[in-house]
file target-v5.cif (mmCIF, C-alpha atoms)
data_structure
#
loop_
_atom_site.label_atom_id
_atom_site.label_comp_id
_atom_site.auth_asym_id
_atom_site.auth_seq_id
_atom_site.Cartn_x
_atom_site.Cartn_y
_atom_site.Cartn_z
CA GLU A 1 -35.79 53.73 13.76
CA CYS A 2 -33.82 50.65 12.76
CA GLY A 3 -33.12 49.92 9.10
CA GLY A 4 -36.10 52.00 7.99
CA VAL A 5 -38.46 50.29 10.47
CA VAL A 6 -39.96 52.54 13.15
CA LEU A 7 -41.63 51.59 16.42
CA GLY A 8 -45.12 52.89 15.71
CA GLY A 9 -46.77 52.27 19.06
CA SER A 10 -46.60 50.08 22.11
CA ALA A 11 -48.60 49.26 25.20
CA VAL A 12 -48.42 47.12 28.33
CA ASN A 13 -51.21 46.11 30.68
CA GLN A 14 -52.09 43.53 33.31
CA ASP A 15 -54.71 40.79 33.01
CA GLY A 16 -56.40 41.54 36.30
CA ARG A 17 -58.67 38.72 37.40
CA SER A 18 -58.42 35.42 35.55
CA SER A 19 -59.15 31.82 36.40
CA SER A 20 -55.53 31.04 37.37
CA LEU A 21 -52.00 32.45 37.43
CA THR A 22 -51.25 31.06 33.97
CA ALA A 23 -54.68 31.64 32.36
CA PRO A 24 -54.71 34.55 29.90
CA ASN A 25 -57.46 37.17 29.80
CA GLY A 26 -58.87 37.81 26.30
CA PRO A 27 -60.37 41.27 26.94
CA SER A 28 -57.06 42.46 28.43
CA GLN A 29 -55.23 41.19 25.35
CA GLN A 30 -57.69 43.09 23.12
CA ASP A 31 -57.14 46.23 25.21
CA VAL A 32 -53.34 46.09 24.89
CA ILE A 33 -53.49 45.63 21.09
CA ALA A 34 -55.98 48.52 20.73
CA SER A 35 -53.84 50.72 23.03
CA ALA A 36 -50.69 50.06 20.98
CA LEU A 37 -52.55 51.01 17.79
CA ARG A 38 -53.82 54.22 19.40
CA ASP A 39 -50.32 55.01 20.70
CA GLY A 40 -48.99 54.77 17.15
CA GLY A 41 -51.90 56.56 15.50
CA LEU A 42 -52.61 53.40 13.47
CA SER A 43 -55.76 51.53 12.52
CA ALA A 44 -56.34 47.78 12.46
CA GLY A 45 -56.20 47.88 8.64
CA ASP A 46 -52.61 49.20 8.73
CA VAL A 47 -51.40 45.93 10.30
CA MET A 48 -50.38 43.44 7.61
CA SER A 49 -48.81 40.78 9.84
CA LEU A 50 -48.75 39.75 13.48
CA GLN A 51 -46.12 37.88 15.43
CA MET A 52 -48.24 35.97 17.90
CA HIS A 53 -47.12 34.84 21.32
CA GLY A 54 -48.35 31.44 20.10
CA THR A 55 -47.25 28.81 22.58
CA GLY A 56 -49.33 26.04 21.03
CA THR A 57 -51.44 25.42 24.13
CA SER A 58 -55.10 24.47 24.10
CA LEU A 59 -55.86 27.21 26.66
CA GLY A 60 -53.72 30.13 25.49
CA ASP A 61 -54.01 29.89 21.70
CA PRO A 62 -57.80 30.27 21.49
CA ILE A 63 -57.71 33.22 23.91
CA GLU A 64 -54.93 34.90 21.93
CA MET A 65 -56.79 34.27 18.66
CA GLY A 66 -59.97 35.76 20.12
CA GLY A 67 -58.06 38.80 21.35
CA LEU A 68 -56.39 39.52 18.03
CA LEU A 69 -59.57 38.89 16.04
CA GLY A 70 -61.46 41.25 18.33
CA VAL A 71 -59.18 44.11 17.28
CA LEU A 72 -57.32 43.20 14.07
CA GLY A 73 -59.86 40.84 12.52
CA LYS A 74 -62.42 43.55 11.83
CA ASP A 75 -60.76 44.79 8.62
CA ALA A 76 -61.34 42.28 5.82
CA SER A 77 -59.83 44.61 3.18
CA ARG A 78 -56.40 43.00 3.69
CA THR A 79 -55.08 39.57 4.61
CA LEU A 80 -53.58 39.52 8.10
CA VAL A 81 -50.64 37.11 8.02
CA LEU A 82 -50.07 35.41 11.38
CA GLY A 83 -46.73 34.03 12.49
CA ALA A 84 -44.89 32.80 15.56
CA ILE A 85 -41.10 33.08 15.51
CA LYS A 86 -41.05 30.81 18.57
CA SER A 87 -41.59 27.91 16.17
CA CYS A 88 -38.08 28.64 14.80
CA VAL A 89 -36.17 29.71 17.94
CA GLY A 90 -38.03 28.06 20.82
CA HIS A 91 -39.86 29.81 23.64
CA ALA A 92 -36.84 31.98 24.54
CA GLU A 93 -38.37 32.91 27.92
CA CYS A 94 -37.76 36.65 28.53
CA ALA A 95 -36.36 37.14 25.02
CA ALA A 96 -39.52 35.87 23.26
CA GLY A 97 -40.95 39.36 22.76
CA ALA A 98 -37.60 40.71 21.53
CA ALA A 99 -37.31 37.84 19.04
CA GLY A 100 -40.82 38.62 17.78
CA LEU A 101 -39.99 42.31 17.46
CA MET A 102 -36.80 41.62 15.50
CA HIS A 103 -38.62 39.19 13.22
CA ALA A 104 -41.47 41.64 12.62
CA ALA A 105 -38.95 44.34 11.65
CA SER A 106 -37.15 41.96 9.33
CA THR A 107 -40.40 40.88 7.66
CA LEU A 108 -41.28 44.49 6.93
CA ARG A 109 -37.89 45.21 5.37
CA GLY A 110 -38.03 42.06 3.27
CA GLU A 111 -41.81 41.92 2.79
CA LEU A 112 -41.76 38.22 3.70
CA VAL A 113 -43.26 36.49 6.74
CA THR A 114 -41.58 33.27 7.83
CA GLY A 115 -43.97 30.34 7.96
CA VAL A 116 -44.81 28.62 11.22
CA MET A 117 -42.20 25.88 11.36
CA HIS A 118 -43.39 22.36 12.17
CA LEU A 119 -47.07 23.31 11.81
CA ARG A 120 -48.85 20.13 10.82
CA GLY A 121 -52.38 21.07 11.79
CA VAL A 122 -54.27 24.00 13.22
CA ASN A 123 -55.12 23.80 16.92
CA PRO A 124 -58.69 22.44 16.98
CA HIS A 125 -59.57 25.11 19.55
CA VAL A 126 -58.93 27.85 16.96
CA SER A 127 -60.19 26.01 13.88
CA THR A 128 -63.26 28.24 13.73
CA ALA A 129 -60.90 31.13 12.95
CA ILE A 130 -58.42 29.30 10.72
CA ASP A 131 -59.04 26.21 8.59
CA ALA A 132 -56.76 23.18 8.19
CA ASN A 133 -54.92 24.86 5.31
CA GLY A 134 -54.04 27.87 7.47
CA VAL A 135 -56.48 30.30 5.84
CA ARG A 136 -59.90 31.65 6.73
CA GLY A 137 -61.28 34.78 5.17
CA SER A 138 -58.82 37.59 5.78
CA LEU A 139 -56.41 35.54 7.95
CA ALA A 140 -53.43 33.43 6.88
CA LEU A 141 -51.22 31.19 9.00
CA PRO A 142 -48.61 30.11 6.45
CA ARG A 143 -46.47 27.02 6.79
CA ALA A 144 -43.86 28.42 4.37
CA PRO A 145 -42.53 31.96 3.81
CA HIS A 146 -45.39 34.24 2.72
CA ALA A 147 -45.15 37.61 0.95
CA HIS A 148 -47.06 40.63 2.23
CA ALA A 149 -49.89 41.61 -0.11
CA VAL A 150 -49.14 45.31 -0.55
CA SER A 151 -50.61 46.98 -3.61
CA ASP A 152 -47.97 49.71 -4.02
CA ALA A 153 -45.02 51.31 -2.27
CA SER A 154 -47.15 54.14 -0.86
CA THR A 155 -49.29 51.72 1.15
CA GLN A 156 -48.42 51.96 4.82
CA LYS A 157 -47.27 48.64 6.22
CA ALA A 158 -47.18 47.71 9.88
CA ALA A 159 -46.55 44.52 11.81
CA GLY A 160 -47.80 43.77 15.31
CA VAL A 161 -45.99 41.80 18.00
CA SER A 162 -47.81 40.24 20.95
CA SER A 163 -46.04 38.98 24.04
CA PHE A 164 -47.67 37.73 27.23
CA ALA A 165 -46.18 36.63 30.54
CA PHE A 166 -47.63 33.80 32.57
CA GLN A 167 -48.29 36.04 35.58
CA GLY A 168 -50.61 38.28 33.53
CA THR A 169 -48.48 40.96 31.89
CA ASN A 170 -49.58 41.68 28.31
CA SER A 171 -47.58 43.71 25.82
CA HIS A 172 -48.03 44.64 22.20
CA ALA A 173 -45.86 46.65 19.83
CA VAL A 174 -46.51 47.85 16.30
CA VAL A 175 -43.58 48.49 13.94
#

call {"tool": "encode", "arguments": {"input": "target-v5.cif", "output": "structure tokens"}}
result
Amino acid sequence: ECGGVVLGGSAVNQDGRSSSLTAPNGPSQQDVIASALRDGGLSAGDVMSLQMHGTGTSLGDPIEMGGLLGVLGKDASRTLVLGAIKSCVGHAECAAGAAGLMHAASTLRGELVTGVMHLRGVNPHVSTAIDANGVRGSLALPRAPHAHAVSDASTQKAAGVSSFAFQGTNSHAVV
């Protein structure tokens, strides 16, 4: 526990076969998110925000979006707020996951998700999931700080953090 934020669950897996060393594997990303939720005894609907790995690439972003939608996009009863702290601090190499974890914890304590800095338009390869304004159905990709939509203090809040390595290691944590 850190400042009232608890690590709820975590998981790590390996992509297995993919088209190249740097090509992500969507089903493996879905598996790691689902495993972290199971590890924490959480459901997809408990997750209010997600710190994406989000590198802004035409290959990786659509695969990551498909992976998160496959697990977290099934619950339309809440808005899932997407973010990428990398837009504020840079890629950060090995520290990218740690930066995402710290930001997720801070968003839960303050109930505010930092917007995706410098976002001028949604990647056209994920535009079927998110429109040009950063919203589609139960997803939001804010450009400015965005408050969590929690109805009351008794509602459980959780934030997910995805981190992927170019050689195929996938990790996900839920705080």

call {"tool": "closest_residue", "arguments": {"input": "target-v5.cif", "among": "A:Leu119, A:Val32, A:Met48, A:Ala140", "to": "Cys88 in chain A", "atoms": "all atoms listed in the file"}}
result
A:Leu119

call {"tool": "resolve_selection", "arguments": {"input": "target-v5.cif", "expression": "the PyMOL selection byres ((chain A and resi 33) around 12)", "output": "PyMOL selection string"}}
result
chain A and resi 9-13+26-32+34-40+42-44+47+50+52+64+66-73+159-164+170-174

call {"tool": "write_last_selection", "arguments": {"input": "target-v5.cif", "atoms": "C-alpha atoms", "output": "JSON list (two decimals), keeping the file's coordinate frame"}}
result
[["chain", "number", "residue", "atom", "x", "y", "z"],
["A", 9, "GLY", "CA", -46.77, 52.27, 19.06],
["A", 10, "SER", "CA", -46.60, 50.08, 22.11],
["A", 11, "ALA", "CA", -48.60, 49.26, 25.20],
["A", 12, "VAL", "CA", -48.42, 47.12, 28.33],
["A", 13, "ASN", "CA", -51.21, 46.11, 30.68],
["A", 26, "GLY", "CA", -58.87, 37.81, 26.30],
["A", 27, "PRO", "CA", -60.37, 41.27, 26.94],
["A", 28, "SER", "CA", -57.06, 42.46, 28.43],
["A", 29, "GLN", "CA", -55.23, 41.19, 25.35],
["A", 30, "GLN", "CA", -57.69, 43.09, 23.12],
["A", 31, "ASP", "CA", -57.14, 46.23, 25.21],
["A", 32, "VAL", "CA", -53.34, 46.09, 24.89],
["A", 34, "ALA", "CA", -55.98, 48.52, 20.73],
["A", 35, "SER", "CA", -53.84, 50.72, 23.03],
["A", 36, "ALA", "CA", -50.69, 50.06, 20.98],
["A", 37, "LEU", "CA", -52.55, 51.01, 17.79],
["A", 38, "ARG", "CA", -53.82, 54.22, 19.40],
["A", 39, "ASP", "CA", -50.32, 55.01, 20.70],
["A", 40, "GLY", "CA", -48.99, 54.77, 17.15],
["A", 42, "LEU", "CA", -52.61, 53.40, 13.47],
["A", 43, "SER", "CA", -55.76, 51.53, 12.52],
["A", 44, "ALA", "CA", -56.34, 47.78, 12.46],
["A", 47, "VAL", "CA", -51.40, 45.93, 10.30],
["A", 50, "LEU", "CA", -48.75, 39.75, 13.48],
["A", 52, "MET", "CA", -48.24, 35.97, 17.90],
["A", 64, "GLU", "CA", -54.93, 34.90, 21.93],
["A", 66, "GLY", "CA", -59.97, 35.76, 20.12],
["A", 67, "GLY", "CA", -58.06, 38.80, 21.35],
["A", 68, "LEU", "CA", -56.39, 39.52, 18.03],
["A", 69, "LEU", "CA", -59.57, 38.89, 16.04],
["A", 70, "GLY", "CA", -61.46, 41.25, 18.33],
["A", 71, "VAL", "CA", -59.18, 44.11, 17.28],
["A", 72, "LEU", "CA", -57.32, 43.20, 14.07],
["A", 73, "GLY", "CA", -59.86, 40.84, 12.52],
["A", 159, "ALA", "CA", -46.55, 44.52, 11.81],
["A", 160, "GLY", "CA", -47.80, 43.77, 15.31],
["A", 161, "VAL", "CA", -45.99, 41.80, 18.00],
["A", 162, "SER", "CA", -47.81, 40.24, 20.95],
["A", 163, "SER", "CA", -46.04, 38.98, 24.04],
["A", 164, "PHE", "CA", -47.67, 37.73, 27.23],
["A", 170, "ASN", "CA", -49.58, 41.68, 28.31],
["A", 171, "SER", "CA", -47.58, 43.71, 25.82],
["A", 172, "HIS", "CA", -48.03, 44.64, 22.20],
["A", 173, "ALA", "CA", -45.86, 46.65, 19.83],
["A", 174, "VAL", "CA", -46.51, 47.85, 16.30]]

call {"tool": "atom_distance", "arguments": {"input": "target-v5.cif", "atom1": "CA of Ala158 in chain A", "atom2": "CA of Val89 in chain A"}}
result
22.6 Å

call {"tool": "atom_distance", "arguments": {"input": "target-v5.cif", "atom1": "CA of Val126 in chain A", "atom2": "CA of Pro62 in chain A"}}
result
5.3 Å

call {"tool": "atom_distance", "arguments": {"input": "target-v5.cif", "atom1": "CA of Phe166 in chain A", "atom2": "CA of Val6 in chain A"}}
result
28.1 Å

call {"tool": "closest_residue", "arguments": {"input": "target-v5.cif", "among": "A:His125, A:Lys157, A:Arg78, A:His118", "to": "Pro142 in chain A", "atoms": "only C-alpha atoms"}}
result
A:His118

call {"tool": "resolve_selection", "arguments": {"input": "target-v5.cif", "expression": "the PyMOL selection byres ((chain A and resi 80-83) around 10)", "output": "MDAnalysis selection string"}}
result
chainID A and resid 44:54 65 69 72:73 75:79 84:87 100 103:104 112:117 134:135 137:143 145:149 159:161

call {"tool": "closest_residue", "arguments": {"input": "target-v5.cif", "among": "A:Val5, A:Ala92, A:Ala99, A:Leu59", "to": "Pro24 in chain A", "atoms": "only C-alpha atoms"}}
result
A:Leu59

call {"tool": "resolve_selection", "arguments": {"input": "target-v5.cif", "expression": "the PyMOL selection byres ((chain A and resi 167) around 9)", "output": "list in words"}}
result
Gln14, Asp15, Ser20, Leu21, Thr22, Ala23, Pro24, Phe164, Ala165, Phe166, Gly168 and Thr169 of chain A

call {"tool": "closest_residue", "arguments": {"input": "target-v5.cif", "among": "A:Gly41, A:Ser58, A:Ala144, A:Val122", "to": "Leu7 in chain A", "atoms": "all atoms listed in the file"}}
result
A:Gly41
